[in-house]
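*Asks:* For reference, this is target_30.txt, and it has compact mmCIF, C-alpha atoms.
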```
# COMPACT_ATOMS: atom_id res chain seq x y z
CA MET A 1 -1.81 32.05 52.36
CA THR A 2 0.09 29.51 50.30
CA HIS A 3 0.82 26.11 51.83
CA VAL A 4 4.45 25.16 51.28
CA LEU A 5 3.85 21.69 52.74
CA GLU A 6 0.67 19.60 52.97
CA VAL A 7 0.74 16.18 54.59
CA SER A 8 -2.29 13.90 54.76
CA GLY A 9 -2.66 10.46 56.34
CA LEU A 10 1.09 9.92 56.69
CA THR A 11 1.81 6.49 58.15
CA THR A 12 5.32 5.11 58.67
CA THR A 13 5.85 1.46 59.57
CA PHE A 14 8.90 -0.58 60.44
CA THR A 15 9.11 -4.34 60.17
CA LYS A 16 10.46 -6.42 63.05
CA ASN A 17 10.37 -10.20 63.14
CA GLU A 18 8.08 -10.14 60.08
CA LYS A 19 5.57 -7.89 61.89
CA ALA A 20 4.84 -4.29 60.84
CA PHE A 21 4.64 -1.65 63.56
CA LYS A 22 3.28 1.86 63.03
CA VAL A 23 5.71 4.43 64.38
CA VAL A 24 3.87 7.37 62.81
CA ASP A 25 0.12 6.84 62.57
CA ASP A 26 -2.15 8.90 60.29
CA LEU A 27 -0.27 12.20 60.58
CA SER A 28 -1.78 15.22 58.81
CA LEU A 29 -0.34 18.73 58.87
CA TYR A 30 0.30 21.82 56.79
CA VAL A 31 2.86 24.62 56.87
CA ARG A 32 2.18 28.01 55.32
CA LYS A 33 4.75 30.15 53.59
CA GLY A 34 6.97 31.78 56.21
CA GLU A 35 5.23 29.99 59.08
CA ALA A 36 6.84 28.03 61.92
CA LEU A 37 5.16 24.82 63.07
CA GLY A 38 6.34 23.15 66.28
CA ILE A 39 6.07 19.40 66.86
CA VAL A 40 6.38 18.54 70.55
CA GLY A 41 6.51 15.36 72.59
CA GLU A 42 8.66 13.06 74.70
CA SER A 43 11.46 10.99 73.24
CA GLY A 44 10.00 8.00 71.40
CA CYS A 45 6.75 9.65 70.34
CA GLY A 46 7.61 9.63 66.62
CA LYS A 47 8.72 13.23 66.01
CA SER A 48 12.07 12.47 64.38
CA VAL A 49 10.69 9.55 62.37
CA ALA A 50 8.02 11.89 61.02
CA SER A 51 10.67 14.38 59.89
CA LEU A 52 12.78 11.65 58.26
CA SER A 53 9.63 10.42 56.50
CA LEU A 54 9.08 13.90 55.04
CA MET A 55 12.67 13.92 53.78
CA ARG A 56 12.43 10.33 52.49
CA LEU A 57 15.48 9.38 54.58
CA LEU A 58 14.19 6.20 56.20
CA GLY A 59 16.20 3.02 55.92
CA LYS A 60 15.11 0.02 53.87
CA ASN A 61 13.21 -1.29 56.88
CA GLY A 62 10.87 1.71 56.90
CA LYS A 63 7.81 2.19 54.71
CA THR A 64 5.85 5.43 54.32
CA GLU A 65 2.31 5.76 53.00
CA GLY A 66 -0.07 8.68 52.63
CA SER A 67 0.38 12.00 50.86
CA ILE A 68 3.20 14.57 51.06
CA LEU A 69 2.89 17.64 48.86
CA LEU A 70 5.82 20.06 48.76
CA ASN A 71 4.81 23.10 46.73
CA GLY A 72 2.28 20.84 45.01
CA GLN A 73 4.81 18.13 44.14
CA LYS A 74 4.04 14.58 45.30
CA ILE A 75 7.12 13.62 47.30
CA LEU A 76 6.26 9.96 47.87
CA SER A 77 6.07 9.26 44.14
CA CYS A 78 9.49 10.79 43.42
CA SER A 79 12.44 8.58 42.53
CA GLU A 80 15.57 8.67 44.66
CA HIS A 81 17.32 10.68 41.95
CA GLU A 82 14.51 13.26 42.04
CA MET A 83 14.68 13.37 45.85
CA GLN A 84 18.40 14.13 45.69
CA ASN A 85 17.50 17.22 43.65
CA ILE A 86 14.80 18.20 46.16
CA ARG A 87 16.79 17.72 49.37
CA GLY A 88 18.85 20.80 50.08
CA LYS A 89 17.22 22.79 47.29
CA GLU A 90 13.49 22.70 48.07
CA MET A 91 13.63 21.47 51.67
CA ALA A 92 16.52 20.94 54.04
CA MET A 93 17.05 19.53 57.52
CA ILE A 94 19.11 20.51 60.54
CA PHE A 95 19.83 17.18 62.18
CA GLN A 96 19.76 16.52 65.91
CA GLU A 97 23.43 15.63 66.39
CA PRO A 98 25.82 17.42 64.01
CA MET A 99 28.82 15.30 65.00
CA THR A 100 27.14 12.21 63.58
CA SER A 101 25.62 14.09 60.62
CA LEU A 102 28.82 15.70 59.36
CA ASN A 103 31.34 13.50 57.55
CA PRO A 104 34.41 13.19 59.82
CA VAL A 105 36.87 12.69 56.95
CA LEU A 106 35.83 15.70 54.86
CA THR A 107 36.55 19.33 55.65
CA ILE A 108 33.71 21.72 56.44
CA GLY A 109 34.30 23.56 53.19
CA ARG A 110 34.15 20.41 51.07
CA GLN A 111 30.92 19.24 52.69
CA MET A 112 29.20 22.61 52.32
CA SER A 113 30.40 23.11 48.74
CA GLU A 114 28.86 19.86 47.57
CA GLY A 115 25.26 21.13 47.71
CA LEU A 116 26.12 24.45 46.08
CA GLU A 117 27.94 22.75 43.22
CA LYS A 118 25.13 20.24 42.70
CA HIS A 119 22.06 22.49 43.05
CA GLU A 120 23.42 25.89 42.01
CA GLY A 121 25.97 24.74 39.42
CA MET A 122 28.81 26.68 41.05
CA LYS A 123 32.46 26.11 40.27
CA ARG A 124 34.88 25.32 43.10
CA ALA A 125 36.09 28.93 43.51
CA GLN A 126 32.51 30.26 43.52
CA SER A 127 31.32 27.71 46.05
CA LYS A 128 34.25 28.45 48.37
CA GLU A 129 33.40 32.14 48.35
CA LYS A 130 29.75 31.35 49.06
CA VAL A 131 30.59 28.91 51.88
CA ILE A 132 32.77 31.50 53.62
CA GLU A 133 29.96 34.03 53.26
CA LEU A 134 27.45 31.58 54.78
CA LEU A 135 29.74 30.70 57.67
CA THR A 136 30.13 34.40 58.41
CA GLN A 137 26.35 34.91 58.26
CA VAL A 138 25.75 32.27 60.93
CA GLY A 139 28.18 33.96 63.28
CA ILE A 140 31.34 31.90 62.82
CA ALA A 141 34.53 33.92 63.22
CA ARG A 142 37.61 33.01 61.18
CA ALA A 143 35.40 31.59 58.41
CA ASN A 144 38.39 31.33 56.07
CA GLU A 145 40.11 29.01 58.55
CA ILE A 146 37.00 27.03 59.48
CA TYR A 147 36.52 26.25 55.77
CA HIS A 148 39.59 23.98 55.98
CA GLU A 149 38.81 22.44 59.39
CA TYR A 150 37.37 19.00 60.16
CA PRO A 151 34.19 18.59 62.28
CA HIS A 152 35.97 17.12 65.31
CA ARG A 153 38.02 20.30 65.70
CA LEU A 154 34.91 22.46 66.22
CA SER A 155 32.83 22.98 69.35
CA GLY A 156 29.24 21.72 69.52
CA GLY A 157 27.84 25.21 68.96
CA MET A 158 30.07 25.80 65.94
CA ARG A 159 29.12 22.43 64.42
CA GLN A 160 25.45 23.32 64.83
CA ARG A 161 26.05 26.65 63.11
CA VAL A 162 27.73 24.78 60.26
CA MET A 163 24.66 22.54 59.98
CA ILE A 164 22.41 25.61 59.77
CA ALA A 165 24.65 27.23 57.16
CA MET A 166 24.62 24.01 55.14
CA ALA A 167 20.83 23.77 55.38
CA ILE A 168 20.15 27.33 54.19
CA ALA A 169 22.88 27.39 51.52
CA CYS A 170 20.50 26.86 48.59
CA ASN A 171 17.59 28.89 50.01
CA PRO A 172 15.16 26.02 50.65
CA LYS A 173 11.51 26.90 51.01
CA LEU A 174 11.11 24.55 53.98
CA LEU A 175 13.57 24.03 56.83
CA ILE A 176 13.13 21.12 59.26
CA ALA A 177 15.01 21.52 62.56
CA ASP A 178 15.19 18.32 64.60
CA GLU A 179 16.14 19.20 68.20
CA PRO A 180 18.66 21.82 67.01
CA THR A 181 19.66 22.85 70.56
CA THR A 182 20.24 19.39 72.05
CA ALA A 183 23.40 19.09 74.21
CA LEU A 184 24.20 22.81 73.90
CA ASP A 185 24.55 25.09 76.90
CA VAL A 186 21.85 27.69 77.54
CA THR A 187 23.74 30.64 76.06
CA ILE A 188 24.53 28.80 72.82
CA GLN A 189 20.94 27.51 72.65
CA ALA A 190 19.65 31.08 72.68
CA GLN A 191 22.08 32.07 69.94
CA ILE A 192 21.09 29.12 67.73
CA LEU A 193 17.37 29.84 68.16
CA GLN A 194 17.91 33.51 67.32
CA LEU A 195 19.90 32.48 64.26
CA ILE A 196 17.04 30.26 63.05
CA GLN A 197 14.60 33.11 63.65
CA ASN A 198 16.78 35.44 61.61
CA VAL A 199 16.80 32.95 58.73
CA ARG A 200 12.99 32.87 58.77
CA THR A 201 12.70 36.66 58.85
CA GLU A 202 15.32 37.44 56.23
CA ARG A 203 14.58 34.62 53.78
CA GLY A 204 10.86 33.96 54.35
CA THR A 205 11.64 30.30 54.98
CA SER A 206 8.95 28.00 56.41
CA LEU A 207 10.04 26.06 59.49
CA ILE A 208 9.17 22.82 61.25
CA MET A 209 10.71 22.87 64.72
CA ILE A 210 10.89 19.44 66.36
CA THR A 211 11.57 19.56 70.08
CA HIS A 212 10.58 18.36 73.54
CA ASP A 213 11.12 21.84 74.99
CA LEU A 214 7.97 23.97 75.23
CA GLY A 215 10.13 27.01 75.90
CA VAL A 216 11.71 26.64 72.46
CA VAL A 217 8.24 26.35 70.90
CA ALA A 218 7.03 29.48 72.70
CA GLU A 219 9.97 31.49 71.34
CA THR A 220 10.07 30.27 67.75
CA CYS A 221 6.72 28.85 66.57
CA ASP A 222 3.34 30.12 65.37
CA ARG A 223 1.44 26.84 65.72
CA VAL A 224 2.19 23.64 67.60
CA MET A 225 1.25 19.98 67.35
CA VAL A 226 1.67 17.62 70.31
CA MET A 227 2.55 14.00 69.45
CA TYR A 228 2.23 10.94 71.62
CA ALA A 229 2.91 7.31 70.64
CA GLY A 230 2.96 8.10 66.92
CA GLN A 231 -0.22 10.18 66.83
CA VAL A 232 -1.07 13.87 67.01
CA ILE A 233 -3.12 14.34 70.17
CA GLU A 234 -3.51 18.13 70.18
CA SER A 235 -3.03 20.98 67.76
CA ALA A 236 -3.45 24.74 68.23
CA ASP A 237 -1.70 28.07 67.83
CA VAL A 238 1.08 28.49 70.38
CA ARG A 239 -0.62 31.01 72.65
CA THR A 240 -3.84 29.00 72.84
CA LEU A 241 -2.04 25.76 73.64
CA LEU A 242 0.18 27.23 76.34
CA ARG A 243 -2.62 29.19 78.00
CA ASN A 244 -5.45 26.70 77.62
CA PRO A 245 -4.19 23.15 76.93
CA LYS A 246 -6.90 20.54 76.43
CA HIS A 247 -5.36 17.07 76.42
CA PRO A 248 -4.24 15.64 79.80
CA TYR A 249 -0.85 14.83 78.26
CA THR A 250 -0.31 18.42 77.11
CA ILE A 251 -1.38 19.67 80.53
CA GLY A 252 1.19 17.33 82.09
CA LEU A 253 3.96 18.55 79.78
CA ILE A 254 3.26 22.17 80.70
CA GLN A 255 3.07 21.36 84.42
CA SER A 256 6.45 19.62 84.23
CA THR A 257 8.11 22.80 82.96
CA PRO A 258 10.03 24.61 85.72
CA HIS A 259 8.80 28.07 86.66
CA ARG A 260 11.06 30.42 88.59
CA SER A 261 8.10 32.31 90.08
CA LYS A 262 6.49 29.22 91.61
CA GLY A 263 9.38 28.31 93.90
CA GLN A 264 8.96 24.60 93.20
CA LYS A 265 10.90 22.16 95.34
CA ARG A 266 10.09 19.20 93.10
CA LEU A 267 9.06 19.24 89.43
CA TYR A 268 5.83 17.58 88.36
CA SER A 269 6.30 14.45 86.26
CA ILE A 270 3.93 12.26 84.27
CA ALA A 271 3.96 8.71 85.61
CA GLY A 272 5.18 5.95 83.28
CA SER A 273 6.76 6.31 79.86
CA VAL A 274 5.84 6.39 76.17
CA PRO A 275 4.97 2.83 75.00
CA THR A 276 6.93 1.27 72.17
CA PRO A 277 5.00 0.49 68.95
CA GLU A 278 4.85 -3.16 70.02
CA GLU A 279 3.14 -2.13 73.27
CA TYR A 280 0.49 0.31 72.01
CA PRO A 281 -2.73 -0.29 74.01
CA GLN A 282 -6.07 -1.06 72.39
CA GLY A 283 -7.74 2.22 73.34
CA CYS A 284 -6.28 5.66 73.89
CA ARG A 285 -2.52 5.33 73.87
CA PHE A 286 -2.15 7.71 76.80
CA ALA A 287 -4.83 6.02 78.93
CA PRO A 288 -2.43 3.87 81.03
CA ARG A 289 -0.71 7.07 82.23
CA CYS A 290 -3.78 9.33 82.45
CA ASP A 291 -5.44 10.22 85.76
CA LYS A 292 -8.62 11.17 83.91
CA ALA A 293 -9.02 7.93 81.94
CA MET A 294 -12.51 6.43 81.71
CA PRO A 295 -13.60 2.91 80.72
CA VAL A 296 -14.12 4.01 77.10
CA CYS A 297 -10.50 5.22 77.00
CA LEU A 298 -9.26 1.66 77.54
CA GLU A 299 -11.46 0.27 74.77
CA GLN A 300 -11.44 2.77 71.89
CA ASN A 301 -8.88 5.20 70.54
CA PRO A 302 -10.52 8.64 70.10
CA GLN A 303 -10.33 10.65 66.89
CA LEU A 304 -8.59 13.99 66.50
CA LEU A 305 -11.50 16.42 66.43
CA ALA A 306 -12.01 20.18 66.65
CA VAL A 307 -12.78 21.11 70.25
CA ASP A 308 -13.33 24.77 69.42
CA GLN A 309 -12.26 27.24 66.75
CA ALA A 310 -8.71 27.30 68.07
CA SER A 311 -7.88 23.71 69.08
CA ASP A 312 -8.03 20.10 67.87
CA CYS A 313 -7.77 17.36 70.48
CA ARG A 314 -7.72 13.55 70.52
CA CYS A 315 -9.44 12.85 73.86
CA TRP A 316 -12.71 11.27 75.01
CA LEU A 317 -13.17 14.11 77.51
CA TYR A 318 -14.19 16.34 74.62
CA GLN A 319 -16.30 13.86 72.66
CA GLU A 320 -19.92 12.86 73.18
CA HIS A 321 -21.23 9.91 75.23
CA THR A 322 -18.01 9.72 77.29
CA LYS A 323 -19.27 10.56 80.75
CA GLY A 324 -17.92 8.10 83.29
CA THR A 325 -15.67 7.54 86.23
CA ALA A 326 -11.92 7.91 85.82
CA VAL A 327 -10.21 4.53 86.04
CA ASN A 328 -6.74 5.80 86.95
CA ALA A 329 -7.76 8.40 89.51
```
Since I need it in another form, could you write the structure as structure tokens?

*Replies:*
Amino acid sequence: MTHVLEVSGLTTTFTKNEKAFKVVDDLSLYVRKGEALGIVGESGCGKSVASLSLMRLLGKNGKTEGSILLNGQKILSCSEHEMQNIRGKEMAMIFQEPMTSLNPVLTIGRQMSEGLEKHEGMKRAQSKEKVIELLTQVGIARANEIYHEYPHRLSGGMRQRVMIAMAIACNPKLLIADEPTTALDVTIQAQILQLIQNVRTERGTSLIMITHDLGVVAETCDRVMVMYAGQVIESADVRTLLRNPKHPYTIGLIQSTPHRSKGQKRLYSIAGSVPTPEEYPQGCRFAPRCDKAMPVCLEQNPQLLAVDQASDCRCWLYQEHTKGTAVNA
């Protein structure tokens, strides 16, 4: 199966007080044609920075190294002018907060028409017709009226639908969705997820779904990668990861998910929080929060290795010569 996206050794650093800090550290992934890859983790683990790195949308303070191949094209060697031709046409992104992503002083129609006129060479009348068609496809009633509206006059769910319509307008081969259901109520969340699924099915679009919600991953993704403190710590197909998680962090994430059948009075939570890049420990980055940590965990950061045919895991529990007593038990 053809790989739409291949990423190898992706490292993103930001400079603060003349010191460089790795926010994304040695990330490697691939996405097949028509496949959905989920990237999961707490806030601050590097998920959104990774997606912005793929789109080359980091500020001047960010620097990305490694290899990004989109349909065989080397993204990191492209000029900004070339990237403007790639964004929206070859790959597109649904941003986390549409109210801050949409231009408040331009109408919905004007913002959506821009990409169609640039990438598809449409005239104003053609682009208007296409925009109204797209708005209708994503379930927006009164599309003719919404075309002339400003973002602040739409509800959160409608703005998110506009973002999806804008992202799929030019039939990109890869769609990156960064927390597309944040701040939406449960009913609207379900509608947005179904809409994204329909786009995949009807257009054969590849998808990267970035979220902290394992329920979203279970519904929409084929494979999943778990990130922690800038690194991938586990990778598997969705069913394998949810049924048989390997890394203590992944196990903790799944345990913290509410289950109606369990009648829980209090949800499980992982002690502590994700360290900032300035605070990354010497060894395993999850060790200070892990109840299975051993002395080696505090000294050396393990590699991401294949645990079995279905899973990769970055944990000393699954690597040789690591037998010892847990230090955080």

*Asks:* Residues at most 7 Å from range 84-100 of chain A, counting all atoms listed in the file, excluding those fewer than 3 positions away in the same chain, as a count of residues only?

*Replies:* 22

*Asks:* Using all atoms listed in the file, pick whichever of A:Gln137, A:Ser235, A:Thr107, A:Gln191 has the shortest atom-to-atom distance to Leu304 in chain A.

*Replies:*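 Nearest candidate to Leu304 in chain A out of A:Gln137, A:Ser235, A:Thr107, A:Gln191: A:Ser235.
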
*Asks:* Rounded to one decimal in Å, what is the spacing between CA of Ala310 in chain A and CA of Val226 in chain A?

*Replies:*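 Atom-to-atom, CA of Ala310 in chain A to CA of Val226 in chain A, that is 14.4 Å.
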
*Asks:* Restrict the calculation to only C-alpha atoms, then for each residue of range 58-132 of chain A with any atom at most 10 Å from an atom of range 9-23 of chain A give the closest atom pair and their distance in Å to one decimal, rows by chain and rising residue number, as JSON lines.

*Replies:*
```
{"residue": "A:Leu58", "atom": "CA", "partner": "A:Thr12", "partner_atom": "CA", "distance": 9.3}
{"residue": "A:Gly59", "atom": "CA", "partner": "A:Phe14", "partner_atom": "CA", "distance": 9.3}
{"residue": "A:Lys60", "atom": "CA", "partner": "A:Phe14", "partner_atom": "CA", "distance": 9.1}
{"residue": "A:Asn61", "atom": "CA", "partner": "A:Phe14", "partner_atom": "CA", "distance": 5.6}
{"residue": "A:Gly62", "atom": "CA", "partner": "A:Phe14", "partner_atom": "CA", "distance": 4.7}
{"residue": "A:Lys63", "atom": "CA", "partner": "A:Thr13", "partner_atom": "CA", "distance": 5.3}
{"residue": "A:Thr64", "atom": "CA", "partner": "A:Thr12", "partner_atom": "CA", "distance": 4.4}
{"residue": "A:Glu65", "atom": "CA", "partner": "A:Thr11", "partner_atom": "CA", "distance": 5.2}
{"residue": "A:Gly66", "atom": "CA", "partner": "A:Leu10", "partner_atom": "CA", "distance": 4.4}
{"residue": "A:Ser67", "atom": "CA", "partner": "A:Leu10", "partner_atom": "CA", "distance": 6.2}
{"residue": "A:Ile68", "atom": "CA", "partner": "A:Leu10", "partner_atom": "CA", "distance": 7.6}
```

*Asks:* Interatomic distance between CA of Gly272 in chain A and CA of Pro288 in chain A?

*Replies:* 8.2 Å
